[in-house]
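> Take a look at protein29.tsv, TSV, C-alpha atoms:
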```tsv
chain	number	residue	atom	x	y	z
S	224	ARG	CA	1.95	15.94	-8.36
S	225	LEU	CA	-0.93	18.37	-8.11
S	226	ALA	CA	-1.54	22.04	-8.70
S	227	GLY	CA	-4.29	22.94	-6.26
S	228	GLU	CA	-5.80	21.61	-3.09
S	229	VAL	CA	-6.45	18.14	-1.75
S	230	THR	CA	-9.38	17.84	0.66
S	231	LEU	CA	-8.45	15.01	2.97
S	232	PRO	CA	-9.31	14.95	6.66
S	233	PRO	CA	-6.55	15.47	9.25
S	234	PRO	CA	-3.82	14.31	9.40
S	235	GLY	CA	-3.92	14.39	5.59
S	236	ALA	CA	-4.71	10.78	4.78
S	237	ILE	CA	-7.72	8.52	4.55
S	238	GLN	CA	-8.14	4.76	4.66
S	239	ARG	CA	-11.16	3.26	2.91
S	240	PRO	CA	-10.90	-0.53	3.24
S	241	ASP	CA	-14.06	-1.26	1.22
S	242	ALA	CA	-13.42	1.19	-1.63
S	243	PRO	CA	-11.54	0.63	-4.90
S	244	ILE	CA	-8.95	3.17	-3.71
S	245	THR	CA	-8.16	2.13	-0.15
S	246	TRP	CA	-5.48	4.71	0.78
S	247	ILE	CA	-5.03	8.34	-0.19
S	248	ALA	CA	-2.36	10.47	1.47
S	249	ASP	CA	-1.41	14.12	1.04
S	250	ASN	CA	2.37	13.83	1.25
S	251	GLN	CA	2.86	17.54	1.81
S	252	ARG	CA	0.61	17.58	4.90
S	253	LYS	CA	2.38	14.48	6.19
S	254	GLY	CA	5.75	16.25	5.78
S	255	ILE	CA	7.06	13.83	3.15
S	256	SER	CA	7.18	16.27	0.23
S	257	PRO	CA	7.34	19.79	1.70
S	258	ASP	CA	8.14	21.51	-1.61
S	259	ALA	CA	5.39	19.97	-3.76
S	260	LYS	CA	1.77	18.93	-3.44
S	261	THR	CA	1.88	15.19	-4.05
S	262	VAL	CA	-0.51	12.41	-3.15
S	263	THR	CA	-0.07	8.67	-2.78
S	264	VAL	CA	-2.98	6.55	-3.93
S	265	GLN	CA	-3.22	2.80	-3.30
S	266	ALA	CA	-5.80	0.51	-4.86
S	267	SER	CA	-7.50	-2.42	-3.18
S	268	PRO	CA	-6.31	-5.91	-4.10
S	269	ALA	CA	-9.52	-6.57	-6.08
S	270	TYR	CA	-9.30	-3.25	-7.97
S	271	SER	CA	-5.61	-3.88	-8.63
S	272	ARG	CA	-6.35	-7.30	-10.11
S	273	GLN	CA	-9.15	-5.80	-12.22
S	274	LEU	CA	-6.86	-3.10	-13.67
S	275	PHE	CA	-3.52	-4.93	-13.67
S	276	ASN	CA	-3.40	-5.74	-17.40
S	277	GLU	CA	-4.80	-2.38	-18.49
S	278	SER	CA	-2.53	0.28	-19.95
S	279	ASP	CA	-0.89	2.77	-17.61
S	280	GLU	CA	-3.05	5.48	-19.18
S	281	ALA	CA	-6.27	3.55	-18.44
S	282	VAL	CA	-5.27	2.81	-14.84
S	283	LEU	CA	-4.24	6.42	-14.16
S	284	LYS	CA	-7.51	7.64	-15.68
S	285	ALA	CA	-9.46	5.33	-13.35
S	286	PHE	CA	-7.43	6.53	-10.35
S	287	ARG	CA	-8.00	10.18	-11.36
S	288	THR	CA	-11.75	9.55	-11.37
S	289	ASP	CA	-11.56	7.95	-7.92
S	290	LEU	CA	-9.47	10.84	-6.61
S	291	LEU	CA	-11.80	13.62	-7.86
S	292	PRO	CA	-13.95	13.81	-4.68
S	293	PHE	CA	-10.78	14.63	-2.71
S	294	MET	CA	-9.50	17.36	-5.03
S	295	GLY	CA	-10.42	21.04	-5.08
S	296	ASP	CA	-12.57	22.26	-7.98
S	297	ASP	CA	-9.58	23.90	-9.71
S	298	THR	CA	-7.02	21.22	-8.85
S	299	ILE	CA	-5.25	19.56	-11.76
S	300	ILE	CA	-2.91	16.58	-11.89
S	301	VAL	CA	0.40	17.88	-13.24
S	302	GLU	CA	2.32	14.61	-13.19
S	303	SER	CA	1.56	11.02	-12.26
S	304	GLN	CA	3.45	7.77	-11.88
S	305	LEU	CA	2.08	4.27	-11.70
S	306	LYS	CA	3.82	1.52	-9.76
S	307	ARG	CA	2.56	-2.04	-10.23
S	308	TRP	CA	3.36	-4.51	-7.47
S	309	ARG	CA	1.79	-7.85	-8.37
S	310	TYR	CA	2.77	-9.34	-5.00
S	311	SER	CA	2.32	-6.34	-2.73
S	312	GLN	CA	0.05	-8.11	-0.23
S	313	PRO	CA	-0.13	-11.73	0.87
S	314	MET	CA	-3.10	-13.68	-0.50
S	315	SER	CA	-3.40	-15.53	2.81
S	316	THR	CA	-1.72	-15.16	6.16
S	317	TYR	CA	-0.44	-17.50	8.85
S	318	PRO	CA	-1.97	-16.61	12.24
S	319	GLU	CA	1.31	-16.58	14.20
S	320	ARG	CA	4.19	-14.10	13.80
S	321	THR	CA	6.56	-16.86	12.70
S	322	LEU	CA	6.52	-20.50	11.66
S	323	VAL	CA	9.23	-22.73	13.10
S	324	ILE	CA	10.10	-26.08	11.55
S	325	GLU	CA	12.31	-27.94	14.01
S	326	GLY	CA	14.81	-30.59	12.98
S	327	ASN	CA	18.51	-31.10	12.30
S	328	ALA	CA	18.46	-27.94	10.22
S	329	PRO	CA	15.63	-25.83	11.67
S	330	LEU	CA	13.79	-23.36	9.50
S	331	VAL	CA	12.14	-20.18	10.70
S	332	PHE	CA	9.77	-18.36	8.36
S	333	ALA	CA	8.91	-14.70	8.69
S	334	GLY	CA	7.39	-11.85	6.71
S	335	ASP	CA	4.23	-9.88	6.17
S	336	ALA	CA	2.25	-13.10	5.66
S	337	PHE	CA	2.86	-14.05	9.30
S	338	GLY	CA	0.68	-12.53	11.98
S	339	GLY	CA	-0.61	-9.63	9.88
S	340	PRO	CA	0.16	-7.96	6.59
S	341	ARG	CA	1.87	-4.61	6.07
S	342	VAL	CA	5.34	-3.41	6.99
S	343	GLU	CA	4.58	-3.44	10.71
S	344	GLY	CA	3.59	-7.11	10.53
S	345	ALA	CA	6.78	-7.96	8.66
S	346	ILE	CA	8.91	-6.17	11.26
S	347	LEU	CA	7.17	-7.88	14.18
S	348	SER	CA	7.45	-11.20	12.36
S	349	GLY	CA	11.20	-10.68	11.82
S	350	ILE	CA	11.69	-9.93	15.50
S	351	ALA	CA	9.71	-13.05	16.47
S	352	ALA	CA	11.72	-15.14	13.99
S	353	GLY	CA	15.00	-13.87	15.43
S	354	GLU	CA	13.86	-14.69	18.94
S	355	ALA	CA	12.70	-18.17	17.84
S	356	MET	CA	16.01	-18.87	16.09
S	357	ALA	CA	17.99	-17.67	19.14
S	358	ALA	CA	15.92	-20.01	21.34
S	359	LEU	CA	16.54	-22.91	18.96
S	360	LEU	CA	20.30	-22.30	18.94
S	361	SER	CA	20.73	-21.86	22.68
```
Here is the file; what I need is its structure written in the form of structure tokens.


Amino acid sequence: RLAGEVTLPPPGAIQRPDAPITWIADNQRKGISPDAKTVTVQASPAYSRQLFNESDEAVLKAFRTDLLPFMGDDTIIVESQLKRWRYSQPMSTYPERTLVIEGNAPLVFAGDAFGGPRVEGAILSGIAAGEAMAALLS
């Protein structure tokens, strides 16, 4: 939670795939937290691995430093929370939306490791898995 301004381009978020901090979003501008200026910051997989065993204080200090170019001169961080998700992204992905293993008891695999990471990939993979299972059972 911030007191002051965040200087992100419209619509209030920025993706930086090659930077240590890959995602910064102004939640107030996005309509997620209308009553408070909050930002969401996500680290790259490599930066996350580098900092994973550091103390919360050390990680938040590193994130603060990375966030400084996007904060107004008088902006201060009032409160911060750190969430550690060791398995937040697949290490490798399967090129198709689903993997079907046919047999007496067929298996259908789905998730964000199939056909593209992120929530959208997981949803599309689940739909493809449901369609594959329906086809197998009909």

> Tell me, in Å to one decimal, how far atom CA of S:Ile247 is from atom CA of S:Gln265.

6.6 Å

> Considering all atoms listed in the file, return as a count of residues only whatever protein or nucleic-acid residues lie within 9 Å of S:Ala266, sequence-local ones (same chain, fewer than 4 positions apart) excluded.

8

> Let me make sure I understand: among S:Gly339, S:Gly295, S:Gly353, S:Pro329, which one has the smallest atom-to-atom distance to S:Thr316 if we use all atoms listed in the file?

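Smallest distance to S:Thr316 is found for S:Gly339.
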
> Counting only C-alpha atoms, which of S:Pro240, S:Asp335, S:Ala281, S:Gln251 gets nearest to S:Ser315?

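Looking at the shortest contact to S:Ser315, the residue is S:Asp335.
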
> Would you kindly return, as a PyMOL selection string, each protein, DNA or RNA residue with an atom no farther than 10 Å from any atom of S:Ala333, considering all atoms listed in the file and excluding same-chain residues fewer than 2 positions away?

chain S and resi 317+319-323+330-331+335-338+344-353

> Using C-alpha atoms, can you write the selected residues to a file as a PDB file, keeping the file's coordinate frame?


```pdb
ATOM      1  CA  TYR S 317      -0.440 -17.500   8.850  1.00  0.00           C
ATOM      2  CA  GLU S 319       1.310 -16.580  14.200  1.00  0.00           C
ATOM      3  CA  ARG S 320       4.190 -14.100  13.800  1.00  0.00           C
ATOM      4  CA  THR S 321       6.560 -16.860  12.700  1.00  0.00           C
ATOM      5  CA  LEU S 322       6.520 -20.500  11.660  1.00  0.00           C
ATOM      6  CA  VAL S 323       9.230 -22.730  13.100  1.00  0.00           C
ATOM      7  CA  LEU S 330      13.790 -23.360   9.500  1.00  0.00           C
ATOM      8  CA  VAL S 331      12.140 -20.180  10.700  1.00  0.00           C
ATOM      9  CA  ASP S 335       4.230  -9.880   6.170  1.00  0.00           C
ATOM     10  CA  ALA S 336       2.250 -13.100   5.660  1.00  0.00           C
ATOM     11  CA  PHE S 337       2.860 -14.050   9.300  1.00  0.00           C
ATOM     12  CA  GLY S 338       0.680 -12.530  11.980  1.00  0.00           C
ATOM     13  CA  GLY S 344       3.590  -7.110  10.530  1.00  0.00           C
ATOM     14  CA  ALA S 345       6.780  -7.960   8.660  1.00  0.00           C
ATOM     15  CA  ILE S 346       8.910  -6.170  11.260  1.00  0.00           C
ATOM     16  CA  LEU S 347       7.170  -7.880  14.180  1.00  0.00           C
ATOM     17  CA  SER S 348       7.450 -11.200  12.360  1.00  0.00           C
ATOM     18  CA  GLY S 349      11.200 -10.680  11.820  1.00  0.00           C
ATOM     19  CA  ILE S 350      11.690  -9.930  15.500  1.00  0.00           C
ATOM     20  CA  ALA S 351       9.710 -13.050  16.470  1.00  0.00           C
ATOM     21  CA  ALA S 352      11.720 -15.140  13.990  1.00  0.00           C
ATOM     22  CA  GLY S 353      15.000 -13.870  15.430  1.00  0.00           C
TER      23      GLY S 353
END
```

> I'd like to know which of S:Ala236, S:Ala328, S:Met356, S:Ala259 is closest to S:Val301, using all atoms listed in the file.

S:Ala259

> Would you mind listing what lies within 8 Å of S:Gln312 as a list in words, with only C-alpha atoms counted and same-chain residues fewer than 2 positions away left out?

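Skipping anything fewer than 2 positions along the chain leaves Pro268, Tyr310, Met314, Asp335, Pro340 and Arg341 of chain S.
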
> Of the residues S:Leu360, S:Arg287, S:Leu274, S:Pro257, which is the one nearest to S:Ile299, using all atoms listed in the file?

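Smallest separation from S:Ile299 among the options: S:Arg287.
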
> Can you rebuild stretch 235-261 of chain S with N, CA, C and O atoms and give it as a compact mmCIF listing (two decimals), in the coordinates of the input?


```
# COMPACT_ATOMS: atom_id res chain seq x y z
N GLY S 235 -4.28 14.27 7.00
CA GLY S 235 -3.92 14.39 5.59
C GLY S 235 -3.92 13.05 4.87
O GLY S 235 -3.29 12.91 3.83
N ALA S 236 -4.62 12.09 5.42
CA ALA S 236 -4.71 10.78 4.78
C ALA S 236 -6.04 10.15 5.14
O ALA S 236 -6.66 10.50 6.14
N ILE S 237 -6.46 9.22 4.29
CA ILE S 237 -7.72 8.52 4.55
C ILE S 237 -7.57 7.07 4.13
O ILE S 237 -6.96 6.76 3.11
N GLN S 238 -8.09 6.19 4.97
CA GLN S 238 -8.14 4.76 4.66
C GLN S 238 -9.60 4.41 4.38
O GLN S 238 -10.49 4.80 5.14
N ARG S 239 -9.80 3.67 3.28
CA ARG S 239 -11.16 3.26 2.91
C ARG S 239 -11.10 1.78 2.53
O ARG S 239 -11.00 1.44 1.35
N PRO S 240 -11.15 0.88 3.51
CA PRO S 240 -10.90 -0.53 3.24
C PRO S 240 -11.87 -1.18 2.25
O PRO S 240 -11.52 -2.16 1.60
N ASP S 241 -13.08 -0.65 2.11
CA ASP S 241 -14.06 -1.26 1.22
C ASP S 241 -14.21 -0.54 -0.12
O ASP S 241 -15.11 -0.87 -0.89
N ALA S 242 -13.34 0.42 -0.39
CA ALA S 242 -13.42 1.19 -1.63
C ALA S 242 -12.37 0.71 -2.63
O ALA S 242 -11.39 0.07 -2.24
N PRO S 243 -12.56 1.00 -3.90
CA PRO S 243 -11.54 0.63 -4.90
C PRO S 243 -10.18 1.25 -4.58
O PRO S 243 -9.15 0.60 -4.71
N ILE S 244 -10.17 2.50 -4.16
CA ILE S 244 -8.95 3.17 -3.71
C ILE S 244 -8.99 3.14 -2.19
O ILE S 244 -9.82 3.79 -1.57
N THR S 245 -8.09 2.36 -1.60
CA THR S 245 -8.16 2.13 -0.15
C THR S 245 -7.34 3.12 0.67
O THR S 245 -7.55 3.25 1.87
N TRP S 246 -6.38 3.81 0.04
CA TRP S 246 -5.48 4.71 0.78
C TRP S 246 -5.19 5.92 -0.09
O TRP S 246 -4.81 5.78 -1.25
N ILE S 247 -5.39 7.09 0.47
CA ILE S 247 -5.03 8.34 -0.19
C ILE S 247 -4.32 9.18 0.86
O ILE S 247 -4.83 9.36 1.97
N ALA S 248 -3.13 9.67 0.52
CA ALA S 248 -2.36 10.47 1.47
C ALA S 248 -1.84 11.72 0.80
O ALA S 248 -1.33 11.68 -0.32
N ASP S 249 -1.98 12.85 1.47
CA ASP S 249 -1.41 14.12 1.04
C ASP S 249 0.00 14.18 1.62
O ASP S 249 0.19 14.42 2.81
N ASN S 250 0.99 13.93 0.78
CA ASN S 250 2.37 13.83 1.25
C ASN S 250 2.91 15.14 1.78
O ASN S 250 3.78 15.14 2.66
N GLN S 251 2.41 16.25 1.30
CA GLN S 251 2.86 17.54 1.81
C GLN S 251 2.39 17.73 3.25
O GLN S 251 3.17 18.11 4.13
N ARG S 252 1.14 17.44 3.53
CA ARG S 252 0.61 17.58 4.90
C ARG S 252 1.27 16.60 5.86
O ARG S 252 1.38 16.87 7.05
N LYS S 253 1.70 15.46 5.34
CA LYS S 253 2.38 14.48 6.19
C LYS S 253 3.86 14.82 6.37
O LYS S 253 4.56 14.16 7.12
N GLY S 254 4.36 15.84 5.65
CA GLY S 254 5.75 16.25 5.78
C GLY S 254 6.72 15.48 4.91
O GLY S 254 7.93 15.63 5.03
N ILE S 255 6.20 14.64 4.00
CA ILE S 255 7.06 13.83 3.15
C ILE S 255 7.59 14.61 1.96
O ILE S 255 8.73 14.43 1.53
N SER S 256 6.76 15.47 1.38
CA SER S 256 7.18 16.27 0.23
C SER S 256 6.85 17.74 0.48
O SER S 256 5.88 18.27 -0.04
N PRO S 257 7.67 18.42 1.29
CA PRO S 257 7.34 19.79 1.70
C PRO S 257 7.32 20.80 0.55
O PRO S 257 6.65 21.83 0.65
N ASP S 258 8.03 20.53 -0.53
CA ASP S 258 8.14 21.51 -1.61
C ASP S 258 7.14 21.30 -2.75
O ASP S 258 7.11 22.09 -3.69
N ALA S 259 6.34 20.24 -2.68
CA ALA S 259 5.39 19.97 -3.76
C ALA S 259 4.15 19.29 -3.20
O ALA S 259 4.21 18.54 -2.24
N LYS S 260 3.02 19.59 -3.83
CA LYS S 260 1.77 18.93 -3.44
C LYS S 260 1.70 17.59 -4.19
O LYS S 260 1.51 17.55 -5.40
N THR S 261 1.95 16.52 -3.46
CA THR S 261 1.88 15.19 -4.05
C THR S 261 0.95 14.32 -3.20
O THR S 261 0.80 14.55 -2.00
```
